[in-house]
>>> print(open('my_file04.tsv').read())   # TSV, C-alpha atoms and all ligand atoms
chain	number	residue	atom	x	y	z
A	344	MET	CA	-14.69	-11.42	27.14
A	345	ALA	CA	-17.86	-13.14	25.94
A	346	VAL	CA	-20.86	-10.84	25.58
A	347	THR	CA	-23.80	-11.49	27.92
A	348	THR	CA	-27.33	-10.12	28.13
A	349	ALA	CA	-26.26	-8.23	31.30
A	350	GLN	CA	-23.47	-6.57	29.31
A	351	LEU	CA	-25.98	-5.33	26.73
A	352	SER	CA	-27.98	-3.71	29.48
A	353	LYS	CA	-24.84	-1.99	30.83
A	354	TRP	CA	-24.04	-0.72	27.35
A	355	LYS	CA	-27.51	0.85	27.14
A	356	GLN	CA	-26.88	2.68	30.41
A	357	GLN	CA	-23.45	3.82	29.19
A	358	LYS	CA	-24.92	4.87	25.81
A	359	ARG	CA	-22.43	2.62	24.04
A	360	PRO	CA	-24.13	1.57	20.75
A	361	ILE	CA	-24.73	-2.18	20.37
A	362	THR	CA	-23.81	-3.83	17.07
A	363	VAL	CA	-25.82	-6.74	15.68
A	364	LEU	CA	-25.72	-8.65	12.38
A	365	THR	CA	-27.32	-11.86	11.19
A	366	ALA	CA	-25.43	-15.03	10.26
A	367	TRP	CA	-26.52	-18.36	8.81
A	368	ASP	CA	-23.33	-20.45	8.55
A	369	TYR	CA	-19.96	-21.16	10.14
A	370	ALA	CA	-17.74	-19.11	7.80
A	371	ILE	CA	-19.77	-15.90	7.94
A	372	ALA	CA	-20.28	-16.17	11.70
A	373	GLN	CA	-16.56	-16.64	12.35
A	374	LEU	CA	-15.66	-13.52	10.34
A	375	LEU	CA	-18.35	-11.40	12.00
A	376	ASP	CA	-17.26	-12.54	15.46
A	377	GLU	CA	-13.60	-11.85	14.73
A	378	ALA	CA	-14.57	-8.38	13.45
A	379	GLY	CA	-15.82	-7.61	16.97
A	380	LEU	CA	-19.59	-7.72	16.63
A	381	ASP	CA	-21.59	-7.75	19.91
A	382	VAL	CA	-24.54	-9.94	18.94
A	383	ILE	CA	-24.98	-12.45	16.13
A	384	LEU	CA	-28.57	-13.22	15.25
A	385	VAL	CA	-29.39	-16.46	13.46
A	386	GLY	CA	-32.39	-14.75	11.93
A	387	ASP	CA	-35.16	-16.61	10.17
A	388	SER	CA	-34.43	-14.29	7.22
A	389	LEU	CA	-32.02	-17.11	6.33
A	390	ALA	CA	-35.10	-18.80	4.81
A	391	MET	CA	-34.95	-16.11	2.12
A	392	THR	CA	-31.25	-15.19	1.93
A	393	ALA	CA	-29.74	-18.69	2.23
A	394	LEU	CA	-32.54	-21.11	1.33
A	395	GLY	CA	-34.34	-19.27	-1.49
A	396	HIS	CA	-37.84	-19.04	0.02
A	397	GLU	CA	-40.02	-16.02	-0.74
A	398	THR	CA	-40.86	-15.38	2.92
A	399	THR	CA	-39.60	-16.56	6.31
A	400	LEU	CA	-42.71	-18.70	6.87
A	401	PRO	CA	-41.57	-22.05	5.39
A	402	LEU	CA	-38.49	-22.34	7.64
A	403	SER	CA	-38.64	-25.51	9.74
A	404	LEU	CA	-37.29	-25.89	13.25
A	405	GLU	CA	-34.95	-28.65	12.04
A	406	ALA	CA	-33.43	-26.34	9.41
A	407	MET	CA	-33.03	-23.59	11.99
A	408	LEU	CA	-31.31	-25.95	14.46
A	409	HIS	CA	-28.90	-27.01	11.72
A	410	HIS	CA	-27.91	-23.41	10.87
A	411	ALA	CA	-27.82	-22.16	14.47
A	412	ALA	CA	-25.50	-24.98	15.55
A	413	ALA	CA	-23.09	-24.15	12.70
A	414	VAL	CA	-23.10	-20.45	13.65
A	415	LYS	CA	-22.55	-21.18	17.33
A	416	ARG	CA	-19.57	-23.45	16.60
A	417	ALA	CA	-17.85	-20.46	14.98
A	418	VAL	CA	-18.49	-17.81	17.63
A	419	LYS	CA	-16.22	-17.17	20.61
A	420	ARG	CA	-17.16	-13.67	21.80
A	421	ALA	CA	-20.53	-12.45	20.50
A	422	LEU	CA	-23.85	-13.32	22.12
A	423	VAL	CA	-25.67	-15.68	19.74
A	424	VAL	CA	-29.44	-15.31	19.49
A	425	CYS	CA	-31.65	-17.64	17.42
A	426	ASP	CA	-35.05	-16.82	15.91
A	427	LEU	CA	-37.89	-19.22	16.66
A	428	PRO	CA	-39.42	-20.09	13.27
A	429	PHE	CA	-43.05	-19.35	12.39
A	430	LEU	CA	-45.54	-21.62	14.21
A	431	THR	CA	-42.96	-23.18	16.48
A	432	TYR	CA	-44.00	-21.00	19.47
A	433	GLN	CA	-47.39	-19.38	18.81
A	434	GLU	CA	-49.63	-22.41	19.44
A	435	SER	CA	-49.14	-22.61	23.21
A	436	GLU	CA	-46.69	-21.82	25.98
A	437	GLN	CA	-45.86	-25.54	26.11
A	438	GLN	CA	-44.91	-25.44	22.45
A	439	ALA	CA	-42.74	-22.36	23.04
A	440	ILE	CA	-40.95	-23.99	25.99
A	441	HIS	CA	-40.34	-27.14	23.97
A	442	THR	CA	-39.01	-25.22	20.94
A	443	ALA	CA	-36.85	-22.75	22.86
A	444	GLY	CA	-35.51	-25.59	25.00
A	445	ARG	CA	-34.50	-27.57	21.92
A	446	VAL	CA	-32.81	-24.50	20.42
A	447	LEU	CA	-30.69	-23.91	23.53
A	448	LYS	CA	-29.90	-27.58	24.19
A	449	GLU	CA	-29.16	-28.65	20.62
A	450	THR	CA	-27.30	-25.59	19.29
A	451	GLY	CA	-25.64	-23.98	22.30
A	452	VAL	CA	-26.95	-20.48	21.48
A	453	GLN	CA	-27.57	-18.29	24.53
A	454	ALA	CA	-30.95	-16.75	23.69
A	455	VAL	CA	-34.00	-16.91	21.44
A	456	LYS	CA	-35.97	-14.24	19.59
A	457	LEU	CA	-39.67	-14.26	18.84
A	458	GLU	CA	-41.97	-11.87	17.03
A	459	GLY	CA	-44.91	-9.84	18.32
A	460	GLY	CA	-45.85	-8.08	21.53
A	461	ASN	CA	-49.51	-8.76	22.30
A	462	SER	CA	-50.50	-10.11	25.69
A	463	ALA	CA	-50.26	-13.77	24.61
A	464	ILE	CA	-46.70	-13.31	23.31
A	465	ALA	CA	-45.74	-11.30	26.40
A	466	GLN	CA	-47.03	-14.17	28.54
A	467	THR	CA	-44.84	-16.60	26.57
A	468	VAL	CA	-41.83	-14.31	27.05
A	469	ALA	CA	-42.52	-14.21	30.80
A	470	THR	CA	-42.73	-18.01	30.97
A	471	LEU	CA	-39.52	-18.59	29.00
A	472	THR	CA	-37.69	-15.96	31.04
A	473	ARG	CA	-38.90	-17.53	34.28
A	474	ILE	CA	-37.41	-20.90	33.33
A	475	GLY	CA	-34.09	-19.29	32.47
A	476	ILE	CA	-34.30	-18.76	28.71
A	477	PRO	CA	-33.33	-15.20	27.67
A	478	VAL	CA	-35.74	-13.78	25.09
A	479	MET	CA	-35.27	-10.96	22.60
A	480	GLY	CA	-38.52	-9.39	21.37
A	481	HIS	CA	-39.23	-8.15	17.84
A	482	ILE	CA	-41.96	-5.60	17.07
A	483	GLY	CA	-42.92	-3.11	14.36
A	484	LEU	CA	-42.62	-4.85	11.01
A	485	THR	CA	-42.67	-8.53	11.91
A	486	PRO	CA	-41.88	-10.59	8.78
A	487	GLN	CA	-43.69	-13.71	10.06
A	488	SER	CA	-46.90	-11.62	9.67
A	489	VAL	CA	-46.10	-10.58	6.10
A	490	HIS	CA	-49.44	-11.80	4.74
A	491	ARG	CA	-51.23	-9.45	7.16
A	492	LEU	CA	-48.82	-6.50	7.28
A	493	GLY	CA	-46.82	-6.69	4.04
A	494	TYR	CA	-43.31	-5.23	4.26
A	495	ARG	CA	-44.54	-1.66	4.73
A	496	GLN	CA	-43.43	0.65	7.53
A	497	GLN	CA	-45.46	0.18	10.74
A	498	GLY	CA	-46.50	2.78	13.32
A	499	LYS	CA	-47.32	5.58	10.88
A	500	THR	CA	-50.74	6.37	12.38
A	501	SER	CA	-51.00	7.46	16.01
A	502	GLN	CA	-53.12	4.38	16.73
A	503	GLU	CA	-50.48	2.01	15.29
A	504	ALA	CA	-47.69	3.90	17.06
A	505	GLU	CA	-49.53	3.59	20.36
A	506	ARG	CA	-50.05	-0.16	19.83
A	507	ILE	CA	-46.33	-0.70	19.12
A	508	TYR	CA	-45.38	1.42	22.14
A	509	GLN	CA	-47.69	-0.68	24.32
A	510	GLU	CA	-46.16	-3.89	22.91
A	511	ALA	CA	-42.69	-2.63	23.84
A	512	LEU	CA	-43.85	-2.04	27.41
A	513	ASN	CA	-45.52	-5.49	27.51
A	514	LEU	CA	-42.32	-7.23	26.41
A	515	SER	CA	-40.10	-5.22	28.71
A	516	GLU	CA	-42.33	-5.97	31.70
A	517	ALA	CA	-42.44	-9.65	30.68
A	518	GLY	CA	-38.66	-9.84	31.03
A	519	ALA	CA	-37.34	-9.64	27.45
A	520	PHE	CA	-33.63	-8.68	27.58
A	521	ALA	CA	-33.70	-6.60	24.36
A	522	LEU	CA	-36.09	-5.51	21.63
A	523	ILE	CA	-35.72	-5.41	17.87
A	524	LEU	CA	-37.63	-2.43	16.43
A	525	GLU	CA	-38.13	-2.97	12.71
A	526	HIS	CA	-39.23	-0.39	10.11
A	527	ILE	CA	-41.01	2.12	12.33
A	528	PRO	CA	-40.72	5.93	12.39
A	529	THR	CA	-37.71	7.38	14.24
A	530	GLU	CA	-39.97	9.22	16.70
A	531	VAL	CA	-41.76	6.02	17.72
A	532	ALA	CA	-38.46	4.17	18.19
A	533	SER	CA	-37.02	7.10	20.19
A	534	LYS	CA	-40.04	7.17	22.49
A	535	ILE	CA	-39.77	3.42	23.11
A	536	THR	CA	-36.00	3.61	23.67
A	537	ALA	CA	-36.49	6.30	26.30
A	538	ALA	CA	-39.34	4.44	28.01
A	539	VAL	CA	-37.88	0.94	28.43
A	540	SER	CA	-34.85	-0.06	30.51
A	541	ILE	CA	-33.84	-2.84	28.07
A	542	PRO	CA	-31.78	-2.10	24.93
A	543	THR	CA	-33.61	-1.42	21.67
A	544	ILE	CA	-31.97	-2.60	18.47
A	545	GLY	CA	-33.21	-0.81	15.38
A	546	ILE	CA	-33.52	-1.86	11.76
A	547	GLY	CA	-35.11	0.91	9.75
A	548	ALA	CA	-36.03	2.64	13.03
A	549	GLY	CA	-33.68	5.63	13.00
A	550	LYS	CA	-30.50	6.37	14.87
A	551	ASN	CA	-31.84	6.86	18.39
A	552	CYS	CA	-32.05	3.15	19.21
A	553	ASP	CA	-29.50	1.62	21.61
A	554	GLY	CA	-28.09	-0.50	18.79
A	555	GLN	CA	-28.50	-1.37	15.13
A	556	VAL	CA	-29.00	-4.63	13.24
A	557	LEU	CA	-28.71	-5.41	9.54
A	558	VAL	CA	-29.30	-8.61	7.61
A	559	THR	CA	-25.76	-9.61	6.62
A	560	ALA	CA	-26.80	-10.58	3.09
A	561	ASP	CA	-27.89	-6.92	2.66
A	562	LEU	CA	-24.67	-5.60	4.26
A	563	LEU	CA	-22.60	-7.67	1.81
A	564	GLY	CA	-24.68	-6.76	-1.25
A	565	LEU	CA	-25.82	-10.36	-1.77
A	566	THR	CA	-29.55	-9.67	-1.96
A	567	PRO	CA	-30.79	-8.53	-5.40
A	568	LYS	CA	-33.52	-6.31	-3.86
A	569	GLN	CA	-32.66	-4.52	-0.62
A	570	PRO	CA	-35.16	-3.00	1.81
A	571	PRO	CA	-35.14	0.84	1.74
A	572	PHE	CA	-33.38	1.13	5.12
A	573	ALA	CA	-30.52	-1.31	4.38
A	574	LYS	CA	-27.00	-0.32	3.47
A	575	ALA	CA	-24.67	-2.48	1.35
A	576	TYR	CA	-21.05	-2.08	2.45
A	577	LEU	CA	-19.87	-4.35	-0.40
A	578	ASN	CA	-21.13	-5.61	-3.74
A	579	LEU	CA	-20.50	-9.31	-3.20
A	580	ARG	CA	-22.92	-10.36	-5.98
A	581	GLU	CA	-20.76	-8.56	-8.50
A	582	MET	CA	-17.49	-9.81	-6.94
A	583	ILE	CA	-18.60	-13.47	-6.87
A	584	THR	CA	-19.92	-13.30	-10.43
A	585	GLU	CA	-16.66	-11.79	-11.63
A	586	ALA	CA	-14.57	-14.42	-9.81
A	587	ALA	CA	-16.68	-17.26	-11.25
A	588	GLU	CA	-16.49	-15.79	-14.79
A	589	ASN	CA	-12.70	-15.42	-14.51
A	590	TYR	CA	-12.39	-19.02	-13.30
A	591	ILE	CA	-14.60	-20.34	-16.14
A	592	GLU	CA	-12.52	-18.40	-18.65
A	593	ASP	CA	-9.21	-19.62	-17.16
A	594	VAL	CA	-10.30	-23.28	-17.23
A	595	LYS	CA	-11.60	-22.99	-20.80
A	596	GLN	CA	-8.38	-21.27	-21.93
A	597	GLN	CA	-6.33	-23.85	-19.99
A	598	GLN	CA	-4.83	-21.08	-17.88
A	599	PHE	CA	-5.80	-22.86	-14.64
A	600	PRO	CA	-4.21	-24.97	-13.25
A	601	GLN	CA	-0.89	-23.65	-14.45
B	1	LIG	O1	-34.56	-12.69	10.66
B	1	LIG	C1	-33.91	-11.64	10.70
B	1	LIG	O2	-32.91	-11.46	10.00
B	1	LIG	C2	-34.36	-10.59	11.60
B	1	LIG	C3	-33.75	-9.23	11.42
B	1	LIG	C4	-34.49	-8.50	10.37
B	1	LIG	C5	-33.74	-8.47	12.68
B	1	LIG	O3	-35.21	-10.81	12.39
>>> encode(input="my_file04.tsv", output="structure tokens", more="lines below")
Ligand code: KIV
Amino acid sequence: MAVTTAQLSKWKQQKRPITVLTAWDYAIAQLLDEAGLDVILVGDSLAMTALGHETTLPLSLEAMLHHAAAVKRAVKRALVVCDLPFLTYQESEQQAIHTAGRVLKETGVQAVKLEGGNSAIAQTVATLTRIGIPVMGHIGLTPQSVHRLGYRQQGKTSQEAERIYQEALNLSEAGAFALILEHIPTEVASKITAAVSIPTIGIGAGKNCDGQVLVTADLLGLTPKQPPFAKAYLNLREMITEAAENYIEDVKQQQFPQ
């Protein structure tokens, strides 16, 4: 049965961990869906992992629509969530409605994700939710703010931890259906997970979250430099290089085609 936002909430209550990975194209998304993943996130990290940018900031809405539509065409069971790129939702609520509306209408994904948890973002989440667009929040390390925060762990001081905790409450009250908690101490993530009724999905936030997410390029060992909290389940860089070298050798030696 297809996964819904309501199902995620039931899984939190049942303490059944929620599994999330990112995808950026049809082939990867199809394999992840067939493997039984719960949620597939078309994360704006694709700007770095698939498009070669240094940060997520340059990603355009048009590029995101192109990738999200390809992912959605592949997925039958998982809930597909699409990131709203930098500066496609922060200017005004009108801009956020317009962008999120285009994402749902033009790609078929079921939900959007946006970064931050201050009162302006919470207001945007409330507005989108009210018009029927499910929103996933994302707090802690928010890569769209890399030039202000860097990629360092957030919530290490009690003041920062309190701010992140407050943001989680803001987003939950605004109607977000789930929350990504990125690169924050385990204790902060645990406190948030216990306080909110919506599922928390951790990345570098310890094992007490309701679910976990990884960037699939990290999972597959495709990224040359992994974040400290990632785990590579495969070394695809090495495997692809070896396959390409073998092919080059075979063609040069006239071993392929036989
Ligand atoms: O863009 C992305 O891949 C993300 C994950 C880090 C959660 O937002």
>>> closest_residue(input="my_file04.tsv", among="A:Thr472, A:Gln601, A:Lys534, A:Asp381", to="Met344 of chain A", atoms="all atoms listed in the file")
A:Asp381
>>> residues_near_point(input="my_file04.tsv", point="(-41.3, 4.4, 15.5)", cutoff="9 Å", atoms="all atoms listed in the file", output="NGL selection string")
:A and (483 or 497-499 or 504 or 507-508 or 524-535 or 548-549)
>>> closest_residue(input="my_file04.tsv", among="A:Lys355, A:Gly460, A:Leu408, A:Thr467", to="Tyr432 of chain A", atoms="all atoms listed in the file")
A:Thr467
>>> closest_atom_pairs(input="my_file04.tsv", of="chain A", to="ligand LIG 1 (chain B)", cutoff="6 Å", atoms="all atoms listed in the file", output="Markdown table")
| residue | atom | partner | partner_atom | distance |
| --- | --- | --- | --- | --- |
| A:Thr365 | CA | B:LIG1 | O2 | 5.7 |
| A:Gly386 | CA | B:LIG1 | O1 | 3.3 |
| A:Asp387 | CA | B:LIG1 | O1 | 4.0 |
| A:Ser388 | CA | B:LIG1 | O1 | 3.8 |
| A:Val558 | CA | B:LIG1 | O2 | 5.2 |
>>> residues_around(input="my_file04.tsv", residues="Trp354 of chain A", least_positions_apart="3", cutoff="12 Å", atoms="only C-alpha atoms", output="MDAnalysis selection string")
chainID A and resid 346:351 357:362 381 521 540:543 553:554
>>> atom_distance(input="my_file04.tsv", atom1="atom CA of Ser462 of chain A", atom2="atom CA of Leu512 of chain A")
10.6 Å
>>> atom_distance(input="my_file04.tsv", atom1="atom CA of Met479 of chain A", atom2="atom CA of Leu457 of chain A")
6.7 Å
>>> residues_around(input="my_file04.tsv", residues="Thr431 of chain A", least_positions_apart="3", cutoff="10 Å", atoms="all atoms listed in the file", output="ChimeraX atom specification")
/A:402-404,427-428,434-435,438-443,457
>>> closest_residue(input="my_file04.tsv", among="A:Leu492, A:Leu522, A:Ala465, A:Ala370", to="Lys415 of chain A", atoms="only C-alpha atoms")
A:Ala370
